[in-house]
$ cat coords_6.txt   # compact mmCIF, C-alpha atoms
# COMPACT_ATOMS: atom_id res chain seq x y z
CA MET A 1 39.31 13.05 -23.94
CA THR A 2 36.76 15.49 -25.32
CA THR A 3 35.60 14.55 -28.80
CA LYS A 4 34.79 17.08 -31.53
CA LYS A 5 31.11 16.24 -31.16
CA GLU A 6 31.22 16.90 -27.41
CA ALA A 7 33.06 20.19 -27.92
CA LEU A 8 30.26 21.45 -30.14
CA MET A 9 27.47 20.57 -27.76
CA PRO A 10 25.37 23.54 -26.56
CA TYR A 11 25.72 25.10 -23.12
CA GLY A 12 22.75 23.08 -21.84
CA SER A 13 25.02 20.04 -21.72
CA LEU A 14 27.51 21.75 -19.42
CA SER A 15 27.82 20.86 -15.75
CA LEU A 16 26.47 23.21 -13.09
CA PRO A 17 29.96 24.45 -12.10
CA ALA A 18 30.73 25.25 -15.76
CA ARG A 19 27.42 27.07 -16.19
CA ILE A 20 27.89 29.21 -13.08
CA PHE A 21 31.39 30.11 -14.22
CA LEU A 22 29.92 31.42 -17.47
CA LEU A 23 27.16 33.24 -15.58
CA ALA A 24 29.83 35.29 -13.83
CA TRP A 25 31.00 36.78 -17.14
CA ASP A 26 29.93 40.24 -18.18
CA PRO A 27 29.73 39.89 -21.99
CA GLY A 28 29.90 43.65 -22.51
CA ARG A 29 33.18 43.95 -20.62
CA ASN A 30 34.38 40.48 -21.71
CA ARG A 31 35.53 39.49 -18.26
CA ILE A 32 34.30 38.11 -14.97
CA ALA A 33 32.79 40.96 -13.00
CA GLY A 34 31.27 41.34 -9.54
CA ALA A 35 32.14 37.82 -8.38
CA PRO A 36 35.11 37.91 -5.96
CA ASP A 37 34.03 34.60 -4.41
CA LEU A 38 33.27 32.76 -7.64
CA HIS A 39 35.45 29.81 -6.59
CA TYR A 40 33.07 29.12 -3.70
CA ALA A 41 30.00 29.29 -5.95
CA VAL A 42 31.65 26.97 -8.49
CA ARG A 43 32.48 24.45 -5.77
CA ALA A 44 28.95 24.69 -4.36
CA CYS A 45 27.51 23.93 -7.81
CA ALA A 46 29.81 20.92 -8.14
CA LEU A 47 28.67 19.60 -4.77
CA ALA A 48 25.03 20.25 -5.67
CA GLU A 49 25.24 18.38 -8.97
CA LEU A 50 27.04 15.44 -7.41
CA ALA A 51 24.38 15.27 -4.71
CA GLN A 52 21.60 15.46 -7.30
CA ARG A 53 23.25 12.59 -9.17
CA GLY A 54 23.29 10.52 -5.99
CA LEU A 55 27.10 10.48 -5.79
CA LEU A 56 27.37 12.55 -2.59
CA SER A 57 25.20 12.28 0.49
CA ASP A 58 25.00 13.69 3.99
CA VAL A 59 25.77 11.17 6.72
CA GLY A 60 25.55 12.80 10.14
CA GLY A 61 26.52 16.15 8.64
CA ILE A 62 29.55 14.68 6.85
CA VAL A 63 29.82 14.79 3.05
CA THR A 64 30.06 11.15 2.00
CA PRO A 65 30.86 9.96 -1.57
CA VAL A 66 29.83 6.80 -3.37
CA LEU A 67 33.31 5.31 -3.60
CA GLY A 68 34.78 4.63 -7.02
CA THR A 69 32.08 6.39 -9.03
CA ARG A 70 32.87 8.91 -11.76
CA THR A 71 30.81 11.15 -14.04
CA GLY A 72 33.15 11.68 -16.98
CA ASP A 73 33.22 15.42 -16.28
CA PRO A 74 36.76 16.53 -15.27
CA ALA A 75 35.68 19.15 -12.73
CA LEU A 76 33.04 16.97 -11.07
CA ASP A 77 35.34 13.96 -10.96
CA SER A 78 38.16 16.00 -9.43
CA VAL A 79 35.81 16.93 -6.57
CA LEU A 80 34.77 13.29 -6.10
CA GLU A 81 38.42 12.24 -5.97
CA LEU A 82 39.23 14.97 -3.48
CA VAL A 83 36.36 13.98 -1.18
CA GLU A 84 37.40 10.31 -1.36
CA GLU A 85 41.05 10.98 -0.62
CA SER A 86 40.73 13.66 2.07
CA ARG A 87 39.68 13.56 5.70
CA PRO A 88 35.93 13.78 6.35
CA ARG A 89 34.48 17.28 6.21
CA LYS A 90 31.12 18.96 6.57
CA TRP A 91 29.56 20.96 3.73
CA ASN A 92 31.12 24.24 4.82
CA GLY A 93 34.54 22.58 4.76
CA TRP A 94 34.05 21.35 1.22
CA ILE A 95 32.88 24.74 -0.01
CA THR A 96 36.27 26.21 0.83
CA HIS A 97 38.84 23.37 0.78
CA LYS A 98 40.95 23.74 -2.40
CA SER A 99 37.98 25.40 -4.09
CA ARG A 100 40.17 27.32 -6.54
CA HIS A 101 41.29 23.96 -7.94
CA THR A 102 37.72 23.29 -9.09
CA LEU A 103 37.47 26.74 -10.65
CA ASP A 104 40.73 26.12 -12.55
CA LYS A 105 39.43 22.77 -13.81
CA VAL A 106 36.23 24.36 -15.04
CA ARG A 107 38.08 27.18 -16.80
CA GLU A 108 40.43 24.72 -18.52
CA GLN A 109 37.49 22.60 -19.64
CA LEU A 110 35.61 25.61 -21.05
CA ALA A 111 38.70 26.70 -22.96
CA LEU A 112 39.15 23.18 -24.33
CA GLU A 113 35.53 23.07 -25.50
CA GLY A 114 35.62 26.47 -27.16
CA TYR A 115 33.60 28.58 -24.73
CA LEU A 116 36.70 30.57 -23.80
CA ARG A 117 39.81 31.40 -25.77
CA THR A 118 43.25 31.57 -24.22
CA GLU A 119 45.93 34.13 -24.86
CA ARG A 120 49.43 33.71 -23.52
CA THR A 121 50.85 36.86 -21.96
CA ARG A 122 53.68 37.89 -19.64
CA ILE A 123 53.30 39.79 -16.38
CA LEU A 124 55.78 42.69 -16.27
CA GLY A 125 57.12 41.28 -19.52
CA ILE A 126 58.76 38.43 -17.60
CA PHE A 127 56.41 35.96 -15.94
CA PRO A 128 54.33 33.77 -18.29
CA SER A 129 50.59 33.97 -17.76
CA ARG A 130 47.30 33.18 -19.50
CA ARG A 131 44.41 35.49 -20.21
CA TYR A 132 40.97 34.10 -20.89
CA GLU A 133 38.36 35.79 -23.04
CA LEU A 134 34.79 34.81 -23.78
CA GLU A 135 34.34 33.11 -27.13
CA ARG A 136 30.59 32.46 -27.06
CA ALA A 137 29.01 35.63 -25.73
CA GLY A 138 25.61 34.65 -27.13
CA TYR A 139 25.47 31.57 -24.93
CA VAL A 140 26.24 33.64 -21.85
CA GLU A 141 23.52 36.13 -22.72
CA VAL A 142 21.03 33.26 -22.98
CA LEU A 143 22.26 31.81 -19.68
CA HIS A 144 21.74 35.19 -18.01
CA ALA A 145 18.23 35.49 -19.40
CA GLU A 146 17.26 31.95 -18.37
CA ALA A 147 18.68 32.38 -14.86
CA LEU A 148 16.70 35.58 -14.37
CA ALA A 149 13.56 33.86 -15.66
CA VAL A 150 14.02 31.12 -13.06
CA LEU A 151 14.51 33.76 -10.35
CA ARG A 152 11.63 36.04 -11.32
CA GLY A 153 9.10 33.62 -12.79
CA PRO A 154 6.43 33.39 -14.10
CA VAL A 155 7.18 29.64 -14.31
CA PRO A 156 6.05 27.98 -11.04
CA VAL A 157 8.90 26.74 -8.88
CA SER A 158 7.46 23.23 -9.10
CA GLU A 159 8.16 23.22 -12.85
CA VAL A 160 11.77 24.45 -12.65
CA PRO A 161 14.33 21.69 -13.32
CA ALA A 162 16.31 20.80 -10.20
CA GLY A 163 19.62 21.70 -11.83
CA ASP A 164 18.40 25.13 -12.91
CA ALA A 165 17.08 25.75 -9.40
CA ALA A 166 20.45 24.87 -7.85
CA LEU A 167 22.28 27.07 -10.37
CA VAL A 168 20.22 30.15 -9.56
CA VAL A 169 20.38 29.57 -5.80
CA CYS A 170 24.18 29.27 -5.94
CA ALA A 171 24.44 32.35 -8.19
CA ALA A 172 22.36 34.41 -5.78
CA THR A 173 23.97 33.07 -2.61
CA GLY A 174 27.45 33.35 -4.11
CA LYS A 175 26.63 36.99 -4.99
CA LEU A 176 27.31 36.90 -8.72
CA ARG A 177 26.37 40.51 -9.31
CA ALA A 178 26.75 40.32 -13.08
CA VAL A 179 23.53 38.32 -13.21
CA ILE A 180 21.69 38.77 -9.87
CA SER A 181 21.88 42.06 -7.98
CA GLY A 182 21.63 42.46 -4.25
CA LYS A 183 18.27 44.15 -4.75
CA GLU A 184 16.95 41.11 -6.58
CA ARG A 185 18.29 38.74 -3.94
CA ARG A 186 16.25 40.60 -1.36
CA ARG A 187 13.17 40.99 -3.55
CA TYR A 188 13.01 37.28 -4.44
CA LYS A 189 14.09 35.87 -1.09
CA GLU A 190 10.98 33.69 -0.70
CA ARG A 191 11.30 32.32 -4.23
CA LEU A 192 14.98 31.55 -3.59
CA ASP A 193 13.94 29.61 -0.50
CA ALA A 194 11.47 27.65 -2.62
CA LEU A 195 14.07 27.10 -5.34
CA THR A 196 16.46 25.73 -2.73
CA ASP A 197 13.96 23.03 -1.85
CA ARG A 198 13.21 22.48 -5.54
CA SER A 199 16.91 21.83 -6.19
CA GLY A 200 16.52 18.79 -3.95
CA ALA A 201 13.68 17.33 -6.03
CA PRO A 202 15.57 14.21 -7.25
CA ALA A 203 15.37 12.47 -3.84
CA PRO A 204 13.43 12.90 -0.56
CA GLU A 205 16.55 13.57 1.50
CA LEU A 206 17.96 16.23 -0.84
CA PRO A 207 15.96 19.37 0.09
CA GLU A 208 17.48 19.42 3.57
CA LEU A 209 20.92 18.73 2.11
CA MET A 210 20.52 21.61 -0.34
CA ARG A 211 19.47 23.95 2.46
CA GLY A 212 22.63 23.02 4.32
CA LEU A 213 24.74 23.53 1.21
CA ARG A 214 23.23 26.96 0.62
CA LYS A 215 23.88 27.92 4.23
CA ALA A 216 27.49 26.76 3.92
CA LEU A 217 28.01 28.85 0.76
CA ALA A 218 26.47 31.92 2.39
CA SER A 219 28.76 31.48 5.40
CA ALA A 220 31.87 31.16 3.22
CA VAL A 221 30.99 34.31 1.26
CA THR A 222 30.22 36.29 4.41
CA TYR A 223 33.54 35.25 5.96
CA ALA A 224 35.44 36.18 2.78
CA GLU A 225 33.76 39.59 2.64
CA ALA A 226 34.67 40.26 6.27
CA ALA A 227 38.26 39.20 5.60
CA ARG A 228 38.53 41.59 2.64
CA SER A 229 37.06 44.48 4.58
CA GLY A 230 39.61 43.80 7.29
CA GLY A 231 42.50 43.74 4.86
CA GLY A 232 42.66 39.95 4.41
CA GLY A 233 41.61 37.80 1.47
CA SER A 234 39.38 34.86 0.68
CA GLY A 235 40.89 31.43 0.99
CA GLY A 236 40.48 28.28 -1.04
$ encode --input "coords_6.txt" --output "structure tokens"
Amino acid sequence: MTTKKEALMPYGSLSLPARIFLLAWDPGRNRIAGAPDLHYAVRACALAELAQRGLLSDVGGIVTPVLGTRTGDPALDSVLELVEESRPRKWNGWITHKSRHTLDKVREQLALEGYLRTERTRILGIFPSRRYELERAGYVEVLHAEALAVLRGPVPVSEVPAGDAALVVCAATGKLRAVISGKERRRYKERLDALTDRSGAPAPELPELMRGLRKALASAVTYAEAARSGGGGSGG
């Protein structure tokens, strides 16, 4: 259960999947904008943080959990449980498999902790629904500014915290246009490559793992874009 003290903690205490969810918000329009594949980016951030914590590893290309471990974060722990209970999958499989479930967990957690507010509505005046609005726009503006500083510099990549590096790589690769435009993705391609390796700083085996995770996220987004252009939709 989230205590009052925890609920008042600043955004810096949030998990990577929670932070990337907030990054997708456009404070001016008070809604998520330019992020049709946000569920994939959220799942990628969850996998990245679990790997950085040493709770997920790559064994012959298969995502392998440390059995029975938990973080105390609902979204992260739900991913750990899913990996434990499901058949073995590679990184690209875990980017997409039930990825919307992780996004829902993150959104519920942010509403519980006061970053979002919930309004109950009805679709067509009949079907009950919930609408989420941003409660802490100032935090999101700071998150945007910090993410762009990581992307553009001038701080050397070697001094960027591993979590911040993973966050920006997933935001760029997941094409969160509210914070990182396509033009900036192309302009800072080499720095993004360096940030990918930096996100694996906690352990010698992690840079390669993070490169594989980034590739899996890029593949999922590309597939979803092709499906939409062909009249289909993104899965998860």
$ closest_residue --input "coords_6.txt" --among "A:Pro88, A:Gly153, A:Gly28, A:Pro161" --to "Pro65 (chain A)" --atoms "all atoms listed in the file"
A:Pro88
$ atom_distance --input "coords_6.txt" --atom1 "CA of Leu192 (chain A)" --atom2 "CA of Val168 (chain A)"
8.1 Å
$ closest_residue --input "coords_6.txt" --among "A:Leu23, A:Ala218, A:Tyr223, A:Arg186" --to "Leu148 (chain A)" --atoms "all atoms listed in the file"
A:Leu23
$ closest_residue --input "coords_6.txt" --among "A:Ala137, A:Ile20, A:Ala51, A:Ala162" --to "Arg107 (chain A)" --atoms "only C-alpha atoms"
A:Ile20
$ atom_distance --input "coords_6.txt" --atom1 "CA of Ala75 (chain A)" --atom2 "CA of Lys105 (chain A)"
5.3 Å
$ atom_distance --input "coords_6.txt" --atom1 "CA of Arg117 (chain A)" --atom2 "CA of Leu103 (chain A)"
16.0 Å
$ axis_aligned_box --input "coords_6.txt" --around "region 45-51 of chain A" --padding-each-side "8 Å" --output "lines of an AutoDock Vina configuration file"
center_x = 27.1
center_y = 19.6
center_z = -6.8
size_x = 21.4
size_y = 24.7
size_z = 20.3
$ residues_around --input "coords_6.txt" --residues "Gly61 (chain A)" --least-positions-apart "2" --cutoff "8 Å" --atoms "only C-alpha atoms" --output "ChimeraX atom specification"
/A:58-59,63,90-91
$ residues_around --input "coords_6.txt" --residues "Gly174 (chain A)" --least-positions-apart "5" --cutoff "8 Å" --atoms "all atoms listed in the file" --output "MDAnalysis selection string"
chainID A and resid 35 37:38 40:41 217:218 221
$ write_last_selection --input "coords_6.txt" --atoms "C-alpha atoms" --output "compact mmCIF listing (two decimals), in the frame of the given file"
# COMPACT_ATOMS: atom_id res chain seq x y z
CA ALA A 35 32.14 37.82 -8.38
CA ASP A 37 34.03 34.60 -4.41
CA LEU A 38 33.27 32.76 -7.64
CA TYR A 40 33.07 29.12 -3.70
CA ALA A 41 30.00 29.29 -5.95
CA LEU A 217 28.01 28.85 0.76
CA ALA A 218 26.47 31.92 2.39
CA VAL A 221 30.99 34.31 1.26
$ closest_residue --input "coords_6.txt" --among "A:Ala201, A:Val142, A:Leu47, A:Ala172" --to "Leu80 (chain A)" --atoms "all atoms listed in the file"
A:Leu47
$ residues_around --input "coords_6.txt" --residues "Val150 (chain A)" --least-positions-apart "2" --cutoff "12 Å" --atoms "all atoms listed in the file" --output "PyMOL selection string"
chain A and resi 143-148+152-169+171-172+179-180+188+191-192+194-196+198-199
$ residues_around --input "coords_6.txt" --residues "Lys98 (chain A)" --least-positions-apart "5" --cutoff "12 Å" --atoms "all atoms listed in the file" --output "number ranges by chain"
A: 39-40, 42-43, 78-79, 82-83, 86, 93, 103-105, 234-236
$ residues_around --input "coords_6.txt" --residues "Thr71 (chain A)" --least-positions-apart "6" --cutoff "12 Å" --atoms "only C-alpha atoms" --output "PyMOL selection string"
chain A and resi 15+46+49-50+53-55+77-81
$ closest_residue --input "coords_6.txt" --among "A:Ser57, A:Thr69, A:Gly34, A:Trp25" --to "Gly182 (chain A)" --atoms "all atoms listed in the file"
A:Gly34
$ closest_residue --input "coords_6.txt" --among "A:Glu119, A:Glu190, A:Glu141, A:Glu208" --to "Leu22 (chain A)" --atoms "all atoms listed in the file"
A:Glu141
